[in-house]
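What follows is a set of notes on a single structure, which appears directly below.
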Amino acid sequence: MYRYDEFDEALVRERVAQFSDQVQRRLNGELNEDEFKPLRLMNGLYLQLHAYMFRIAIPYGTLSSVQLRKLAHVARTYDKGYGHITTRQNMQFNWPRLEDAPAILSDLADAQLHAIQTSGNCIRNTTADQYAGVAADEIADPRHYCEIIRQWSTLHPEFSFLPRKFKIAVTGAEEDRAALRTHDIGLRMRRDADGNPGFEVMVGGGLGRTPVVGVTIREFLPEEHLLSYLESTLRVYNQLGRRDNIHKARIKILVQSVGRDAFARMVEEEWAQLRDGYLTLPQEELDTIARYFAPPPYETLEDSPPELELWQSTSPGFAAWMNENVAAHKQAGYAIVNISLKPEGGVPGDITAEQMDVVADLAERYSFSEIRATHEQNLVLPYVRKLDLMAVWQGLQQAGLATANIGLISDMICCPGLDYCNLANTRSIPVAQEISERFADLSKQRDIGPLKIKMSGCINACGHHHVGHIGILGVDKKGQEYYQITLGGSAENETTLGNIVGPAFSAAEIGDAMETIVDTYLTIREEGESFLETYRRVGQQPFKETLYAAH
Amino acid sequence: MYLKAITANRLRDGRVVYLSEAGNWSQSLEGSRLARDEEELQSLLDQAEVSVLRNEVVAPYAIDVLELDSGYLTTRCREEIRSTGPSRRTDAA
Ligand code: HEM
Ligand code: SF4
């Protein structure tokens, strides 16, 4: 796994010292809030409804067990005993004190964790497929490129004050698990006719108040040109992106206003100047980075140990978990284990300090000490021997972490909403809790099949509602919490934005509305058809009819 | 006019606080000093501004409050959550 080199270590320590000093000056009154706010935001510290909120970077969603234990330590020592995994694969703490912020950052730095680039108008923490390096359908490990991007973009002088924040995601696999087309730039690995690796480059995606599906501006970019092409894209944006209106400042607005072809041409023109220059990635550097992410020392194992079949036939609980939460690994005899943070009635994405320690233990014993965070607010153990699956399942079960619902209706994305967030219109957590309780029966969930509900408590769309198969957006109607439903969104390979189905529902009605939508789907689906496929076949009408029949 | 109380977040820990009868900042809405007219409100806001300058609190503002037999009640969902905490937790306090 990648380890910080000395430069990074020094940089992080320097930032901790600098921020500690700034916090001290704020506390003793040398800095006022207007002066301090931009400084704390640069260090991932927000002020929310009840307290400050700390956002800790988990670069490309990869954590070591030591780091996870450190996060558990922070949760226990400085917070209320839990943390929250975000859709950008980071961790948030909801209750830190300003006076503890220097100690928190210093403790985190001991495990090479920090909060740099989790906030502000810079290039944010680059996200990746959570199955990076282990997916059966992968061309190459996307984290190599995330790391290259991280090193290039960290405190890049030209790009620290962009018109707006900038988000990049990379995947090396065929199946898009990183929501590429919802990012400012999405990179999907491809091979050219000669088998050389490179990227399809997508730009201008984004959610928020103006959701846009990103468009491809280059079908194939050879890997050595990654940085010169990104730099060219950023330069065009930096020169032309609007700084006069915060709602029009994202690259998506620029791409929309000039059009894909014109934007692509501008990037190519800029690139003509930059390509083959100092940003070209030398093979040695690619190799060095690749060594950091070298696969763990796998054992040679048979791919289908007979024990597995035995366990599945004797333990229905294990079998269900195998089916829903365990994914195919590229290495024979190994599996990818998804850990659901969506228990019945729970808060999506929350994990207690004790649970973090359990996961860290299991990772040490069974997954080469590595853990991943997913943009769907779950965790992953990336390298589990199939022979260890029973032990891992039992360990997770004891900690309440074995809910077998990955990709099912109760595996929702949900933003903090009005329970924590200063910008919220409505709560979202209680709605998620109600839905997970209504659909608690896992065999019913399996019958319903793959269904992604995504919800946000306001138009900022932290909960990705636009790309939920069912999206829920909290709106304020005369001081009352209402929820607008969209149908047909998707952030998978064929990314689509959901369509608003009709007038919003009150907090009391939203649970029934969800059941109505699901019942309608179950009634009209054809053999083997998923919710999204049914929706794409029939459109909104049948759902409108049942949802608003009584109105 | 509704009765008004003044709320803010405490600088050193971010916690929700209310300007109290005694003139300091308390974590409980009960015991808040209430303004009954514009003039009283302005005086409370002035007092809060002094606390901002003293680096005790951040971003104070006035909220509507109802005085019931059972105690004070805020009128908006947001303020209710600020005063009583996140609605429902199953895994942690
Ligand atoms: C509670 C504190 C939070 C605050 C104050 C906050 C604030 C915001 C704001 C203002 C935006 C819109 C920015 C824009 O349109 O450019 C935004 C976008 C976003 N937030 Fe949050 N957020 C919070 C928590 C979260 C959490 C917990 C998650 C993950 C579950 C998250 C994930 C995102 C994502 C993915 C976007 C991007 C939407 C897009 O592509 O435009 N945020 N957030
Ligand atoms: S979507 Fe809105 S309510 Fe939800 S976390 Fe983001 S800013 Fe807050």
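By order in the structure tokens, chains are A, B, ...; within a chain, residues start at 1; ligands start at 1, following the order shown.
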Dump as JSON lines the rows for residues of chain B within 12 Å of chain A: closest atom pair and distance in Å with one decimal, only C-alpha atoms counted, ordered by chain and rising residue number.
```
{"residue": "B:Thr7", "atom": "CA", "partner": "A:Leu49", "partner_atom": "CA", "distance": 11.2}
{"residue": "B:Ala8", "atom": "CA", "partner": "A:Leu49", "partner_atom": "CA", "distance": 9.6}
{"residue": "B:Asn9", "atom": "CA", "partner": "A:Ala51", "partner_atom": "CA", "distance": 7.3}
{"residue": "B:Arg10", "atom": "CA", "partner": "A:Ala51", "partner_atom": "CA", "distance": 8.4}
{"residue": "B:Leu11", "atom": "CA", "partner": "A:Leu98", "partner_atom": "CA", "distance": 7.3}
{"residue": "B:Arg12", "atom": "CA", "partner": "A:Leu98", "partner_atom": "CA", "distance": 5.2}
{"residue": "B:Asp13", "atom": "CA", "partner": "A:Arg97", "partner_atom": "CA", "distance": 3.9}
{"residue": "B:Gly14", "atom": "CA", "partner": "A:Ala51", "partner_atom": "CA", "distance": 4.1}
{"residue": "B:Arg15", "atom": "CA", "partner": "A:Ala51", "partner_atom": "CA", "distance": 4.9}
{"residue": "B:Val16", "atom": "CA", "partner": "A:His50", "partner_atom": "CA", "distance": 5.5}
{"residue": "B:Val17", "atom": "CA", "partner": "A:His50", "partner_atom": "CA", "distance": 9.3}
{"residue": "B:Gln27", "atom": "CA", "partner": "A:His50", "partner_atom": "CA", "distance": 10.6}
{"residue": "B:Ser51", "atom": "CA", "partner": "A:Gly29", "partner_atom": "CA", "distance": 11.4}
{"residue": "B:Val52", "atom": "CA", "partner": "A:Asn32", "partner_atom": "CA", "distance": 8.6}
{"residue": "B:Leu53", "atom": "CA", "partner": "A:Asn32", "partner_atom": "CA", "distance": 7.9}
{"residue": "B:Arg54", "atom": "CA", "partner": "A:Gly29", "partner_atom": "CA", "distance": 7.1}
{"residue": "B:Asn55", "atom": "CA", "partner": "A:Gly29", "partner_atom": "CA", "distance": 5.8}
{"residue": "B:Glu56", "atom": "CA", "partner": "A:Leu27", "partner_atom": "CA", "distance": 8.6}
{"residue": "B:Val57", "atom": "CA", "partner": "A:Glu33", "partner_atom": "CA", "distance": 9.6}
{"residue": "B:Val58", "atom": "CA", "partner": "A:Glu33", "partner_atom": "CA", "distance": 7.2}
{"residue": "B:Ala59", "atom": "CA", "partner": "A:Glu33", "partner_atom": "CA", "distance": 8.7}
{"residue": "B:Thr75", "atom": "CA", "partner": "A:Gly479", "partner_atom": "CA", "distance": 9.3}
{"residue": "B:Arg76", "atom": "CA", "partner": "A:Gly479", "partner_atom": "CA", "distance": 6.8}
{"residue": "B:Cys77", "atom": "CA", "partner": "A:Gly479", "partner_atom": "CA", "distance": 7.6}
{"residue": "B:Arg78", "atom": "CA", "partner": "A:Leu418", "partner_atom": "CA", "distance": 6.6}
{"residue": "B:Glu79", "atom": "CA", "partner": "A:Leu49", "partner_atom": "CA", "distance": 9.1}
{"residue": "B:Glu80", "atom": "CA", "partner": "A:Asp419", "partner_atom": "CA", "distance": 10.0}
{"residue": "B:Ile81", "atom": "CA", "partner": "A:Asp419", "partner_atom": "CA", "distance": 6.4}
{"residue": "B:Arg82", "atom": "CA", "partner": "A:His50", "partner_atom": "CA", "distance": 6.0}
{"residue": "B:Ser83", "atom": "CA", "partner": "A:His50", "partner_atom": "CA", "distance": 8.4}
{"residue": "B:Thr84", "atom": "CA", "partner": "A:His50", "partner_atom": "CA", "distance": 9.5}
{"residue": "B:Gly85", "atom": "CA", "partner": "A:His50", "partner_atom": "CA", "distance": 7.2}
{"residue": "B:Pro86", "atom": "CA", "partner": "A:Asp419", "partner_atom": "CA", "distance": 4.6}
{"residue": "B:Ser87", "atom": "CA", "partner": "A:Asp419", "partner_atom": "CA", "distance": 6.4}
{"residue": "B:Arg88", "atom": "CA", "partner": "A:Pro430", "partner_atom": "CA", "distance": 7.0}
{"residue": "B:Arg89", "atom": "CA", "partner": "A:Val347", "partner_atom": "CA", "distance": 7.2}
{"residue": "B:Thr90", "atom": "CA", "partner": "A:Gly346", "partner_atom": "CA", "distance": 6.0}
{"residue": "B:Asp91", "atom": "CA", "partner": "A:Gly346", "partner_atom": "CA", "distance": 6.9}
{"residue": "B:Ala92", "atom": "CA", "partner": "A:Gly81", "partner_atom": "CA", "distance": 6.8}
{"residue": "B:Ala93", "atom": "CA", "partner": "A:Lys80", "partner_atom": "CA", "distance": 6.9}
```
Keeping only N, CA, C and O atoms, write the selected residues as a compact mmCIF listing (two decimals), in the first residue's frame.
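That gives us selection.txt:
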```
# COMPACT_ATOMS: atom_id res chain seq x y z
N THR B 7 -29.65 32.90 19.96
CA THR B 7 -28.85 31.68 19.97
C THR B 7 -27.58 31.90 19.15
O THR B 7 -27.50 32.84 18.35
N ALA B 8 -26.59 31.04 19.38
CA ALA B 8 -25.32 31.12 18.65
C ALA B 8 -24.62 29.78 18.83
O ALA B 8 -25.14 28.88 19.49
N ASN B 9 -23.43 29.64 18.23
CA ASN B 9 -22.58 28.49 18.55
C ASN B 9 -21.40 29.01 19.37
O ASN B 9 -20.82 30.06 19.05
N ARG B 10 -21.07 28.27 20.42
CA ARG B 10 -19.96 28.68 21.27
C ARG B 10 -18.65 28.50 20.51
O ARG B 10 -18.45 27.47 19.86
N LEU B 11 -17.79 29.48 20.59
CA LEU B 11 -16.56 29.43 19.78
C LEU B 11 -15.70 28.21 20.08
O LEU B 11 -15.28 27.49 19.18
N ARG B 12 -15.45 27.94 21.37
CA ARG B 12 -14.39 26.97 21.66
C ARG B 12 -14.78 25.53 21.37
O ARG B 12 -13.94 24.70 21.09
N ASP B 13 -16.08 25.24 21.40
CA ASP B 13 -16.48 23.87 21.10
C ASP B 13 -17.61 23.75 20.09
O ASP B 13 -18.00 22.63 19.73
N GLY B 14 -18.14 24.88 19.64
CA GLY B 14 -19.17 24.85 18.61
C GLY B 14 -20.57 24.54 19.11
O GLY B 14 -21.53 24.53 18.34
N ARG B 15 -20.70 24.27 20.41
CA ARG B 15 -22.00 23.85 20.92
C ARG B 15 -23.06 24.96 20.81
O ARG B 15 -22.74 26.15 20.88
N VAL B 16 -24.32 24.53 20.68
CA VAL B 16 -25.44 25.47 20.59
C VAL B 16 -25.64 26.12 21.96
O VAL B 16 -25.73 25.43 22.98
N VAL B 17 -25.71 27.44 21.97
CA VAL B 17 -25.94 28.14 23.24
C VAL B 17 -27.00 29.23 23.07
O VAL B 17 -27.30 29.66 21.96
N GLN B 27 -26.31 26.22 27.56
CA GLN B 27 -26.66 25.22 26.55
C GLN B 27 -28.14 24.90 26.56
O GLN B 27 -28.61 24.12 25.74
N SER B 51 -20.43 39.67 22.80
CA SER B 51 -19.87 38.32 22.99
C SER B 51 -19.08 37.87 21.76
O SER B 51 -18.10 37.14 21.88
N VAL B 52 -19.55 38.28 20.58
CA VAL B 52 -18.81 37.95 19.37
C VAL B 52 -17.44 38.62 19.41
O VAL B 52 -16.41 38.00 19.17
N LEU B 53 -17.45 39.89 19.79
CA LEU B 53 -16.18 40.63 19.84
C LEU B 53 -15.26 40.06 20.92
O LEU B 53 -14.05 40.12 20.81
N ARG B 54 -15.87 39.51 21.94
CA ARG B 54 -15.06 38.88 23.00
C ARG B 54 -14.66 37.44 22.64
O ARG B 54 -14.11 36.73 23.48
N ASN B 55 -15.03 37.02 21.44
CA ASN B 55 -14.67 35.67 20.98
C ASN B 55 -15.25 34.57 21.86
O ASN B 55 -14.60 33.58 22.14
N GLU B 56 -16.49 34.79 22.29
CA GLU B 56 -17.16 33.76 23.07
C GLU B 56 -18.09 32.92 22.17
O GLU B 56 -18.19 31.71 22.34
N VAL B 57 -18.77 33.60 21.26
CA VAL B 57 -19.70 32.88 20.39
C VAL B 57 -19.51 33.29 18.94
O VAL B 57 -18.87 34.31 18.65
N VAL B 58 -20.11 32.49 18.04
CA VAL B 58 -20.04 32.74 16.60
C VAL B 58 -21.45 32.88 16.05
O VAL B 58 -22.35 32.12 16.44
N ALA B 59 -21.65 33.86 15.19
CA ALA B 59 -22.88 34.00 14.40
C ALA B 59 -24.18 33.94 15.22
O ALA B 59 -25.02 33.08 14.99
N THR B 75 -40.00 27.36 17.36
CA THR B 75 -41.12 27.18 16.43
C THR B 75 -40.69 26.49 15.15
O THR B 75 -41.53 26.04 14.38
N ARG B 76 -39.39 26.42 14.89
CA ARG B 76 -38.97 25.81 13.62
C ARG B 76 -38.24 24.51 13.87
O ARG B 76 -37.54 24.35 14.86
N CYS B 77 -38.41 23.61 12.90
CA CYS B 77 -37.79 22.29 12.99
C CYS B 77 -36.28 22.41 13.23
O CYS B 77 -35.70 21.75 14.10
N ARG B 78 -35.66 23.29 12.46
CA ARG B 78 -34.20 23.46 12.59
C ARG B 78 -33.82 23.82 14.02
O ARG B 78 -32.86 23.27 14.58
N GLU B 79 -34.57 24.73 14.61
CA GLU B 79 -34.23 25.17 15.96
C GLU B 79 -34.53 24.09 16.99
O GLU B 79 -33.85 23.96 18.00
N GLU B 80 -35.57 23.33 16.73
CA GLU B 80 -35.88 22.23 17.64
C GLU B 80 -34.72 21.22 17.65
O GLU B 80 -34.30 20.74 18.70
N ILE B 81 -34.21 20.93 16.47
CA ILE B 81 -33.08 19.99 16.38
C ILE B 81 -31.82 20.58 17.00
O ILE B 81 -31.09 19.90 17.71
N ARG B 82 -31.63 21.89 16.80
CA ARG B 82 -30.46 22.51 17.44
C ARG B 82 -30.58 22.43 18.96
O ARG B 82 -29.61 22.23 19.67
N SER B 83 -31.80 22.59 19.44
CA SER B 83 -31.92 22.63 20.91
C SER B 83 -31.96 21.24 21.53
O SER B 83 -31.49 21.05 22.65
N THR B 84 -32.44 20.24 20.79
CA THR B 84 -32.55 18.91 21.43
C THR B 84 -31.61 17.87 20.84
O THR B 84 -31.52 16.76 21.36
N GLY B 85 -30.91 18.20 19.76
CA GLY B 85 -29.96 17.25 19.18
C GLY B 85 -30.56 16.47 18.04
O GLY B 85 -31.75 16.56 17.76
N PRO B 86 -29.72 15.66 17.34
CA PRO B 86 -30.20 14.86 16.21
C PRO B 86 -31.41 14.03 16.60
O PRO B 86 -31.49 13.56 17.74
N SER B 87 -32.33 13.84 15.66
CA SER B 87 -33.64 13.27 16.02
C SER B 87 -33.60 11.88 16.63
O SER B 87 -34.25 11.60 17.61
N ARG B 88 -32.84 10.99 15.99
CA ARG B 88 -32.99 9.63 16.46
C ARG B 88 -31.71 8.88 16.17
O ARG B 88 -31.31 8.72 15.04
N ARG B 89 -31.05 8.42 17.19
CA ARG B 89 -29.85 7.65 16.96
C ARG B 89 -30.07 6.28 17.57
O ARG B 89 -30.61 6.15 18.64
N THR B 90 -29.59 5.27 16.85
CA THR B 90 -29.76 3.93 17.39
C THR B 90 -28.42 3.36 17.83
O THR B 90 -28.36 2.46 18.64
N ASP B 91 -27.34 3.91 17.29
CA ASP B 91 -26.05 3.27 17.51
C ASP B 91 -25.16 4.02 18.48
O ASP B 91 -24.21 3.47 19.00
N ALA B 92 -25.41 5.29 18.70
CA ALA B 92 -24.52 6.05 19.58
C ALA B 92 -25.31 7.21 20.18
O ALA B 92 -26.32 7.63 19.64
N ALA B 93 -24.83 7.71 21.29
CA ALA B 93 -25.57 8.77 21.98
C ALA B 93 -25.39 10.10 21.26
O ALA B 93 -24.41 10.31 20.59
```
Inset, instruction - Pull the helix (DSSP H, G or I) assignments for range 6-93 of chain B out of DSSP run on the backbone, and list those residues as a list in words. - result: Glu38, Glu39, Glu40, Leu41, Gln42, Ser43, Leu44, Leu45, Asp46, Gln47, Ala48, Glu49, Val50, Ser51, Val52, Leu53, Cys77, Arg78, Glu79, Glu80, Ile81, Arg82, Ser83 and Thr84 of chain B
Inset, instruction - Find the residues near ligand 1. Use a cut-off of 9 Å, count only C-alpha atoms and all ligand atoms, and write them as number ranges by chain. - result: A: 46-49, 53, 55, 84-92, 94, 121, 164-167, 182-184, 205-212, 246-247, 249-250, 348-349, 375-377, 413-424, 456, 459-464
Inset, instruction - For CA of Cys146 in chain A and CA of Ala57 in chain A, quote the distance in Å rounded to one decimal. - result: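 CA of Ala57 in chain A lies at a distance of 13.3 Å from CA of Cys146 in chain A.
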Legend entry - DSSP strand (DSSP E) residues within range 267-429 of chain A, listed as a ChimeraX atom specification: /A:326-328,334-339,350-352,370-373,379-385,413-414
Inset, instruction - Find the residues around Arg218 in chain A up to 7 Å (only C-alpha atoms counted), leave out those fewer than 3 positions away in its own chain, and share them as an MDAnalysis selection string. - result: chainID A and resid 200:201 221
Inset, instruction - May I ask for the distance between CA of Ile517 in chain A and CA of Gly457 in chain A, given in Å to one decimal place? - result: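 We find that CA of Ile517 in chain A and CA of Gly457 in chain A lie 20.4 Å from each other.
Taking CA of Pro222 in chain A and CA of Asn196 in chain A as the two end points, the separation is 7.4 Å.
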Legend entry - Proximity to ligand 2 - best of A:Ala504, A:Ile168, A:Ala440, A:Cys458, only C-alpha atoms and all ligand atoms: A:Cys458
Inset, instruction - For His465 in chain A, list every protein, DNA or RNA residue within 7 Å, evaluated using only C-alpha atoms, and leave out those in the same chain fewer than 6 positions away; present the list as JSON, numbers by chain. - result: {"A": [454, 455, 456, 471, 472, 473]}
Write a file of the just-selected residues containing all heavy atoms, as a compact mmCIF listing (two decimals), in the first residue's frame.
```txt
# COMPACT_ATOMS: atom_id res chain seq x y z
N LYS A 454 -31.32 7.25 -3.10
CA LYS A 454 -30.31 8.23 -2.70
C LYS A 454 -31.03 9.50 -2.27
O LYS A 454 -31.90 9.97 -2.99
CB LYS A 454 -29.36 8.52 -3.86
CG LYS A 454 -28.70 7.25 -4.38
CD LYS A 454 -27.63 7.47 -5.41
CE LYS A 454 -27.08 6.11 -5.83
NZ LYS A 454 -25.94 6.18 -6.71
N MET A 455 -30.67 10.01 -1.08
CA MET A 455 -31.42 11.17 -0.64
C MET A 455 -30.57 12.28 -0.07
O MET A 455 -29.56 12.05 0.58
CB MET A 455 -32.51 10.73 0.32
CG MET A 455 -32.14 10.49 1.71
SD MET A 455 -33.58 9.80 2.56
CE MET A 455 -33.35 8.09 2.14
N SER A 456 -31.03 13.51 -0.35
CA SER A 456 -30.34 14.72 0.09
C SER A 456 -31.34 15.61 0.82
O SER A 456 -32.50 15.69 0.42
CB SER A 456 -29.81 15.52 -1.10
OG SER A 456 -29.08 14.70 -1.99
N GLY A 471 -34.79 8.88 -6.22
CA GLY A 471 -34.11 9.98 -5.53
C GLY A 471 -35.10 10.68 -4.62
O GLY A 471 -36.28 10.80 -4.94
N ILE A 472 -34.61 11.11 -3.47
CA ILE A 472 -35.47 11.85 -2.55
C ILE A 472 -34.75 13.15 -2.21
O ILE A 472 -33.60 13.14 -1.78
CB ILE A 472 -35.73 11.04 -1.26
CG1 ILE A 472 -36.38 9.70 -1.60
CG2 ILE A 472 -36.59 11.85 -0.30
CD1 ILE A 472 -36.65 8.82 -0.39
N LEU A 473 -35.43 14.27 -2.44
CA LEU A 473 -34.85 15.58 -2.15
C LEU A 473 -35.74 16.29 -1.12
O LEU A 473 -36.94 16.44 -1.34
CB LEU A 473 -34.77 16.42 -3.43
CG LEU A 473 -34.52 17.92 -3.22
CD1 LEU A 473 -33.16 18.17 -2.59
CD2 LEU A 473 -34.65 18.68 -4.54
```
Inset, instruction - Rank B:Asn24, B:Leu73, B:Glu67, B:Ala5 by their smallest atom-to-atom distance to Leu44 in chain B, using only C-alpha atoms, and report the top residue only. - result: B:Ala5
Inset, instruction - Mind checking which residues fall within 8 Å of Ala136 in chain A, counting only C-alpha atoms, ignoring those fewer than 3 positions away in the same chain, and posting them as a ChimeraX atom specification? - result: /A:328-331
Selected residues, N, CA and C atoms, written as a tab-separated table (two decimals), in the first residue's frame, please.
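Below you can see again.tsv, which holds the result:
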```
chain	number	residue	atom	x	y	z
A	328	ALA	N	-16.68	-10.83	-6.64
A	328	ALA	CA	-15.62	-11.62	-7.28
A	328	ALA	C	-14.28	-10.89	-7.24
A	329	HIS	N	-13.24	-11.64	-6.99
A	329	HIS	CA	-11.87	-11.13	-6.86
A	329	HIS	C	-11.07	-11.56	-8.07
A	330	LYS	N	-10.04	-10.79	-8.42
A	330	LYS	CA	-9.26	-11.21	-9.58
A	330	LYS	C	-8.32	-12.37	-9.26
A	331	GLN	N	-8.02	-12.56	-7.96
A	331	GLN	CA	-7.08	-13.60	-7.55
A	331	GLN	C	-7.83	-14.87	-7.14
```
Check which residues of range 365-459 of chain A sit at most 8 Å from range 524-530 of chain A using only C-alpha atoms, and return one row each with the closest pair of atoms and their distance in Å to one decimal, ordered by chain and rising number, as a tab-separated table.
```
residue	atom	partner	partner_atom	distance
A:Ile448	CA	A:Ser530	CA	7.9
A:Gly449	CA	A:Ser530	CA	6.4
A:Pro450	CA	A:Ser530	CA	6.4
A:Leu451	CA	A:Ser530	CA	7.6
```
